[in-house]
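**Q** Please find data.cif (mmCIF, C-alpha atoms) on the next line:
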```
data_work
#
loop_
_atom_site.group_PDB
_atom_site.id
_atom_site.type_symbol
_atom_site.label_atom_id
_atom_site.label_comp_id
_atom_site.auth_asym_id
_atom_site.auth_seq_id
_atom_site.Cartn_x
_atom_site.Cartn_y
_atom_site.Cartn_z
ATOM 1 C CA MET A 24 -29.091 -16.749 22.485
ATOM 2 C CA ALA A 25 -26.091 -16.305 20.175
ATOM 3 C CA ARG A 26 -22.716 -16.829 21.752
ATOM 4 C CA GLY A 27 -20.816 -13.569 22.250
ATOM 5 C CA ARG A 28 -17.305 -12.967 21.028
ATOM 6 C CA SER A 29 -14.380 -13.498 23.352
ATOM 7 C CA PRO A 30 -12.491 -10.395 24.597
ATOM 8 C CA GLY A 31 -9.515 -11.209 22.384
ATOM 9 C CA TYR A 32 -11.523 -11.975 19.243
ATOM 10 C CA ASP A 33 -10.451 -8.895 17.256
ATOM 11 C CA ASP A 34 -6.817 -9.262 18.333
ATOM 12 C CA GLN A 35 -6.871 -12.881 17.188
ATOM 13 C CA ARG A 36 -8.305 -11.864 13.823
ATOM 14 C CA GLU A 37 -5.491 -9.346 13.369
ATOM 15 C CA ALA A 38 -2.896 -11.962 14.319
ATOM 16 C CA ILE A 39 -4.364 -14.396 11.785
ATOM 17 C CA LEU A 40 -4.205 -11.758 9.045
ATOM 18 C CA SER A 41 -0.577 -11.054 9.896
ATOM 19 C CA HIS A 42 0.358 -14.751 9.653
ATOM 20 C CA ALA A 43 -1.644 -15.198 6.458
ATOM 21 C CA ALA A 44 -0.082 -12.128 4.835
ATOM 22 C CA ARG A 45 3.381 -13.438 5.635
ATOM 23 C CA LEU A 46 2.605 -16.837 4.108
ATOM 24 C CA PHE A 47 0.965 -15.322 1.016
ATOM 25 C CA ALA A 48 3.939 -12.995 0.559
ATOM 26 C CA GLN A 49 6.477 -15.798 0.917
ATOM 27 C CA ARG A 50 4.739 -18.595 -0.961
ATOM 28 C CA GLY A 51 2.051 -16.888 -3.009
ATOM 29 C CA TYR A 52 -1.662 -16.900 -2.367
ATOM 30 C CA ALA A 53 -2.431 -19.820 -4.676
ATOM 31 C CA ALA A 54 0.254 -22.043 -3.123
ATOM 32 C CA THR A 55 -0.821 -21.449 0.494
ATOM 33 C CA SER A 56 -3.474 -23.624 2.116
ATOM 34 C CA MET A 57 -5.763 -22.921 5.046
ATOM 35 C CA ASN A 58 -4.041 -25.798 6.835
ATOM 36 C CA GLU A 59 -0.746 -23.928 6.574
ATOM 37 C CA VAL A 60 -2.325 -20.706 7.825
ATOM 38 C CA ALA A 61 -3.843 -22.546 10.781
ATOM 39 C CA GLU A 62 -0.489 -24.175 11.582
ATOM 40 C CA ALA A 63 1.294 -20.799 11.434
ATOM 41 C CA CYS A 64 -1.322 -19.384 13.811
ATOM 42 C CA GLY A 65 -0.969 -22.296 16.213
ATOM 43 C CA MET A 66 -4.609 -23.280 15.947
ATOM 44 C CA SER A 67 -6.754 -25.947 14.376
ATOM 45 C CA LYS A 68 -8.267 -25.484 10.945
ATOM 46 C CA ALA A 69 -11.721 -25.603 12.530
ATOM 47 C CA SER A 70 -10.761 -22.756 14.857
ATOM 48 C CA LEU A 71 -9.426 -20.754 11.928
ATOM 49 C CA TYR A 72 -12.791 -21.024 10.181
ATOM 50 C CA HIS A 73 -14.377 -19.499 13.276
ATOM 51 C CA TYR A 74 -12.588 -16.256 12.371
ATOM 52 C CA TYR A 75 -12.525 -16.350 8.554
ATOM 53 C CA ARG A 76 -14.821 -18.366 6.331
ATOM 54 C CA ASP A 77 -12.177 -19.229 3.721
ATOM 55 C CA LYS A 78 -8.839 -18.262 2.179
ATOM 56 C CA SER A 79 -10.487 -15.722 -0.100
ATOM 57 C CA ALA A 80 -11.811 -13.844 2.949
ATOM 58 C CA LEU A 81 -8.266 -13.651 4.311
ATOM 59 C CA LEU A 82 -7.000 -12.169 1.051
ATOM 60 C CA VAL A 83 -9.781 -9.578 0.883
ATOM 61 C CA HIS A 84 -9.297 -8.487 4.490
ATOM 62 C CA ILE A 85 -5.513 -8.158 4.069
ATOM 63 C CA ALA A 86 -5.834 -6.014 0.933
ATOM 64 C CA ASP A 87 -8.741 -3.957 2.259
ATOM 65 C CA ALA A 88 -6.983 -3.188 5.525
ATOM 66 C CA HIS A 89 -3.773 -2.150 3.765
ATOM 67 C CA VAL A 90 -5.479 0.193 1.309
ATOM 68 C CA THR A 91 -7.665 1.624 4.073
ATOM 69 C CA ARG A 92 -4.578 2.394 6.107
ATOM 70 C CA LEU A 93 -2.892 4.122 3.150
ATOM 71 C CA GLU A 94 -5.975 6.277 2.624
ATOM 72 C CA ALA A 95 -5.959 7.114 6.339
ATOM 73 C CA VAL A 96 -2.327 8.243 6.061
ATOM 74 C CA ILE A 97 -3.264 10.554 3.201
ATOM 75 C CA ALA A 98 -6.150 11.993 5.213
ATOM 76 C CA GLU A 99 -3.848 12.643 8.170
ATOM 77 C CA VAL A 100 -1.360 14.503 5.978
ATOM 78 C CA VAL A 101 -4.052 16.500 4.160
ATOM 79 C CA GLN A 102 -5.537 17.618 7.478
ATOM 80 C CA GLN A 103 -2.246 19.335 8.316
ATOM 81 C CA ASN A 104 -2.953 21.926 5.584
ATOM 82 C CA LEU A 105 0.658 21.938 4.415
ATOM 83 C CA PRO A 106 1.756 23.742 1.259
ATOM 84 C CA PRO A 107 2.092 21.393 -1.759
ATOM 85 C CA ASP A 108 5.885 20.954 -1.455
ATOM 86 C CA ALA A 109 5.749 20.005 2.225
ATOM 87 C CA ARG A 110 2.623 17.901 1.714
ATOM 88 C CA LEU A 111 4.249 15.744 -0.970
ATOM 89 C CA ARG A 112 7.408 15.347 1.096
ATOM 90 C CA SER A 113 5.317 14.266 4.062
ATOM 91 C CA LEU A 114 3.319 11.817 1.942
ATOM 92 C CA ILE A 115 6.481 10.193 0.600
ATOM 93 C CA HIS A 116 7.988 9.853 4.068
ATOM 94 C CA ARG A 117 4.784 8.473 5.558
ATOM 95 C CA PHE A 118 4.276 5.936 2.763
ATOM 96 C CA VAL A 119 7.836 4.652 2.975
ATOM 97 C CA GLU A 120 7.390 4.270 6.730
ATOM 98 C CA GLU A 121 4.027 2.562 6.261
ATOM 99 C CA TYR A 122 5.432 0.059 3.794
ATOM 100 C CA ALA A 123 8.216 -0.731 6.237
ATOM 101 C CA MET A 124 5.586 -1.914 8.718
ATOM 102 C CA ALA A 125 3.418 -3.675 6.148
ATOM 103 C CA GLN A 126 5.768 -5.327 3.667
ATOM 104 C CA ASP A 127 3.843 -8.593 3.618
ATOM 105 C CA ALA A 128 0.463 -6.919 3.140
ATOM 106 C CA HIS A 129 1.899 -4.706 0.426
ATOM 107 C CA ARG A 130 3.337 -7.660 -1.471
ATOM 108 C CA VAL A 131 -0.055 -9.373 -1.249
ATOM 109 C CA LEU A 132 -1.758 -6.218 -2.525
ATOM 110 C CA THR A 133 0.552 -5.862 -5.520
ATOM 111 C CA GLU A 134 0.658 -9.539 -6.514
ATOM 112 C CA ASP A 135 -2.517 -11.308 -5.386
ATOM 113 C CA VAL A 136 -5.404 -8.936 -6.088
ATOM 114 C CA ARG A 137 -5.974 -10.848 -9.323
ATOM 115 C CA PHE A 138 -7.256 -13.798 -7.297
ATOM 116 C CA MET A 139 -10.201 -11.821 -5.868
ATOM 117 C CA ASN A 140 -13.685 -11.880 -7.278
ATOM 118 C CA GLU A 141 -14.596 -8.937 -9.477
ATOM 119 C CA ASP A 142 -16.494 -6.904 -6.872
ATOM 120 C CA ASP A 143 -13.801 -7.202 -4.208
ATOM 121 C CA ARG A 144 -11.038 -6.555 -6.709
ATOM 122 C CA GLU A 145 -12.702 -3.406 -8.028
ATOM 123 C CA ARG A 146 -13.293 -2.070 -4.519
ATOM 124 C CA VAL A 147 -9.634 -2.537 -3.625
ATOM 125 C CA LEU A 148 -8.476 -1.089 -6.949
ATOM 126 C CA ASP A 149 -10.754 1.923 -6.425
ATOM 127 C CA GLY A 150 -8.961 2.529 -3.139
ATOM 128 C CA GLN A 151 -5.615 2.328 -4.886
ATOM 129 C CA ARG A 152 -6.826 4.778 -7.518
ATOM 130 C CA ARG A 153 -7.793 7.255 -4.802
ATOM 131 C CA VAL A 154 -4.314 6.944 -3.325
ATOM 132 C CA VAL A 155 -2.707 7.629 -6.699
ATOM 133 C CA ALA A 156 -5.086 10.543 -7.319
ATOM 134 C CA ALA A 157 -4.112 12.161 -4.022
ATOM 135 C CA PHE A 158 -0.442 12.149 -5.008
ATOM 136 C CA ALA A 159 -1.219 13.307 -8.555
ATOM 137 C CA THR A 160 -3.194 16.229 -7.165
ATOM 138 C CA VAL A 161 -0.193 17.477 -5.200
ATOM 139 C CA ILE A 162 2.134 17.045 -8.165
ATOM 140 C CA ALA A 163 -0.272 19.032 -10.329
ATOM 141 C CA GLU A 164 -0.331 21.789 -7.712
ATOM 142 C CA LEU A 165 3.447 21.948 -7.751
ATOM 143 C CA ARG A 166 3.643 22.027 -11.543
ATOM 144 C CA PRO A 167 0.268 22.852 -13.122
ATOM 145 C CA GLU A 168 1.661 22.322 -16.613
ATOM 146 C CA THR A 169 2.012 18.601 -15.868
ATOM 147 C CA GLU A 170 -1.742 18.385 -15.320
ATOM 148 C CA GLU A 171 -2.418 20.228 -18.553
ATOM 149 C CA ALA A 172 -0.148 17.767 -20.377
ATOM 150 C CA THR A 173 -1.766 14.796 -18.553
ATOM 151 C CA LEU A 174 1.574 14.002 -16.934
ATOM 152 C CA ALA A 175 0.611 14.321 -13.262
ATOM 153 C CA LYS A 176 -0.556 10.713 -13.008
ATOM 154 C CA PRO A 177 2.394 9.218 -14.979
ATOM 155 C CA LEU A 178 4.799 11.150 -12.748
ATOM 156 C CA THR A 179 2.929 9.803 -9.741
ATOM 157 C CA MET A 180 3.294 6.256 -11.042
ATOM 158 C CA LEU A 181 7.033 6.798 -11.534
ATOM 159 C CA LEU A 182 7.245 7.950 -7.918
ATOM 160 C CA PHE A 183 5.319 4.897 -6.765
ATOM 161 C CA GLY A 184 7.666 2.786 -8.859
ATOM 162 C CA MET A 185 10.412 3.789 -6.438
ATOM 163 C CA ILE A 186 8.322 3.295 -3.320
ATOM 164 C CA ASN A 187 6.185 0.271 -4.175
ATOM 165 C CA TRP A 188 8.951 -2.073 -5.213
ATOM 166 C CA MET A 189 11.404 -1.182 -2.480
ATOM 167 C CA PHE A 190 10.299 -4.304 -0.624
ATOM 168 C CA THR A 191 11.787 -6.490 -3.389
ATOM 169 C CA TRP A 192 15.350 -5.522 -2.529
ATOM 170 C CA LEU A 193 15.360 -3.678 0.811
ATOM 171 C CA LYS A 194 15.462 -6.308 3.532
ATOM 172 C CA LYS A 195 13.969 -5.866 6.990
ATOM 173 C CA ASP A 196 17.171 -6.952 8.685
ATOM 174 C CA GLY A 197 19.583 -5.203 6.313
ATOM 175 C CA ASP A 198 21.952 -2.353 7.064
ATOM 176 C CA LEU A 199 19.901 0.131 5.039
ATOM 177 C CA THR A 200 16.580 0.935 6.691
ATOM 178 C CA TYR A 201 13.311 2.342 5.410
ATOM 179 C CA GLU A 202 13.831 5.287 7.757
ATOM 180 C CA ALA A 203 17.119 6.050 6.007
ATOM 181 C CA MET A 204 15.620 5.552 2.546
ATOM 182 C CA ALA A 205 12.615 7.872 3.001
ATOM 183 C CA PRO A 206 14.598 11.135 2.619
ATOM 184 C CA ILE A 207 16.617 9.602 -0.221
ATOM 185 C CA VAL A 208 13.466 8.805 -2.192
ATOM 186 C CA THR A 209 12.170 12.304 -1.482
ATOM 187 C CA ASP A 210 15.412 13.987 -2.551
ATOM 188 C CA LEU A 211 15.634 11.840 -5.670
ATOM 189 C CA PHE A 212 12.134 12.724 -6.783
ATOM 190 C CA PHE A 213 12.362 16.413 -5.941
ATOM 191 C CA GLY A 214 15.806 16.601 -7.502
ATOM 192 C CA GLY A 215 14.576 15.186 -10.806
ATOM 193 C CA PHE A 216 11.015 16.518 -10.835
ATOM 194 C CA PRO A 217 11.953 20.130 -11.728
ATOM 195 C CA ALA A 218 14.036 18.890 -14.647
ATOM 196 C CA VAL A 219 11.135 17.067 -16.309
ATOM 197 C CA GLN A 220 10.378 18.619 -19.691
ATOM 198 C CA VAL A 221 6.701 18.807 -20.506
ATOM 199 C CA PRO A 222 6.157 17.948 -24.204
ATOM 200 C CA GLY A 223 5.186 21.060 -26.132
ATOM 201 C CA ALA A 224 5.752 23.447 -23.245
ATOM 202 C CA GLY A 225 7.505 26.602 -24.315
ATOM 203 C CA SER A 226 7.500 25.636 -27.997
ATOM 204 C CA LYS A 227 7.103 28.391 -30.510
ATOM 205 C CA SER A 228 3.818 28.653 -32.407
#
```
Output the file's structure in the form of structure tokens.
**A**
Amino acid sequence: MARGRSPGYDDQREAILSHAARLFAQRGYAATSMNEVAEACGMSKASLYHYYRDKSALLVHIADAHVTRLEAVIAEVVQQNLPPDARLRSLIHRFVEEYAMAQDAHRVLTEDVRFMNEDDRERVLDGQRRVVAAFATVIAELRPETEEATLAKPLTMLLFGMINWMFTWLKKDGDLTYEAMAPIVTDLFFGGFPAVQVPGAGSKS
């Protein structure tokens, strides 16, 4: 008979992912060994392999879990049936908050996906594309002419440029918090978004 899992098995797996994400974020995936992950987790390397077969599995689980959570946030906001303006504001706030709790996983997602095999990488990237598409959809609803000019996605990427890279300069223990920055990012985008000129819009024939 196969040995059953211990009651704390899933909790231990989550703890391992958290330690691994922190090490990958600090040192880089390629420079981190399974020995170092095991040491950070306070367990033997043999015990670590009981939970994850190799370092690649750690990377895939970290990225998958992060993208899955972002898609879940989008689903939660969409289910509220908010008008486009309020929906986009809510999405921005929720994503800034989410990144505040997952800075290590987000850094791994943005920097280490290239180390995955093709199938895993494409699955994770597909998830990221769905996240971008959800934001682009709202932007297109707010300004349909941006969709017609194929600008909804570029505007989305500019918005993510503010959110995604916040972790490079906003420190967890700094005076300025993610909670304080969320409305600033929202105001900055909504303040500039109406001023965007769509190429060719309003031009005389």
**Q** Pull out every residue that the PyMOL selection byres ((chain A and resi 204-210) around 9) matches in the shown coordinates and put them as a list in words.
**A** Leu111, Arg112, Ile115, His116, Arg117, Phe118, Val119, Glu120, Leu182, Met185, Ile186, Leu199, Thr200, Tyr201, Glu202, Ala203, Leu211, Phe212, Phe213, Gly214 and Gly215 of chain A
**Q** If the PyMOL selection byres ((chain A and resi 187) around 9) were run on this exact file, what residues would it hold? Put them as a ChimeraX atom specification.
**A** /A:119,122,129-130,133,182-186,188-191
**Q** Could you check how far atom CA of Pro107 of chain A sits from atom CA of Leu132 of chain A, in Å to one decimal?
**A** 27.9 Å
**Q** Using all atoms listed in the file, which of the listed residues (A:Leu174, A:Val90, A:Val101, A:Ala38) sits closest to Arg144 of chain A?
**A**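 The answer is A:Val90, which sits nearest to Arg144 of chain A.
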**Q** Name every residue that the PyMOL selection byres ((chain A and resi 47) around 12) selects in this structure, writing the answer as a ChimeraX atom specification with chains first and numbers rising.
**A** /A:40-46,48-57,59-60,63,78-79,81-82,85-86,126-136,138
**Q** Quick one: distance from atom CA of Lys194 of chain A to atom CA of Met139 of chain A in Å, one decimal?
**A**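 Computing it gives 27.9 Å between the two atoms.
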**Q** Compile the contact shell of Ile162 of chain A as a PyMOL selection string: residues with an atom at most 12 Å away, counting all atoms listed in the file, same-chain residues fewer than 2 positions apart removed.
**A** chain A and resi 106-112+114-115+155-160+164-171+173-182+212-213+216-217
**Q** How far is it from atom CA of Asp143 of chain A to atom CA of Glu94 of chain A, in Å with one decimal?
**A**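 Separating atom CA of Asp143 of chain A from atom CA of Glu94 of chain A is a distance of 17.0 Å.
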**Q** Find, counting only C-alpha atoms, the residue in A:Val100, A:Ala123, A:Leu93, A:Leu193 that gets nearest to Arg153 of chain A.
**A** A:Leu93
**Q** Take every atom of segment 81-86 of chain A listed in the file, fit an axis-aligned box around them, add 8 Å per side, and give the centre and edge lengths in Å to one decimal as JSON.
**A**
```
{"center_x": -7.6, "center_y": -9.8, "center_z": 2.7, "size_x": 20.3, "size_y": 23.6, "size_z": 19.6}
```
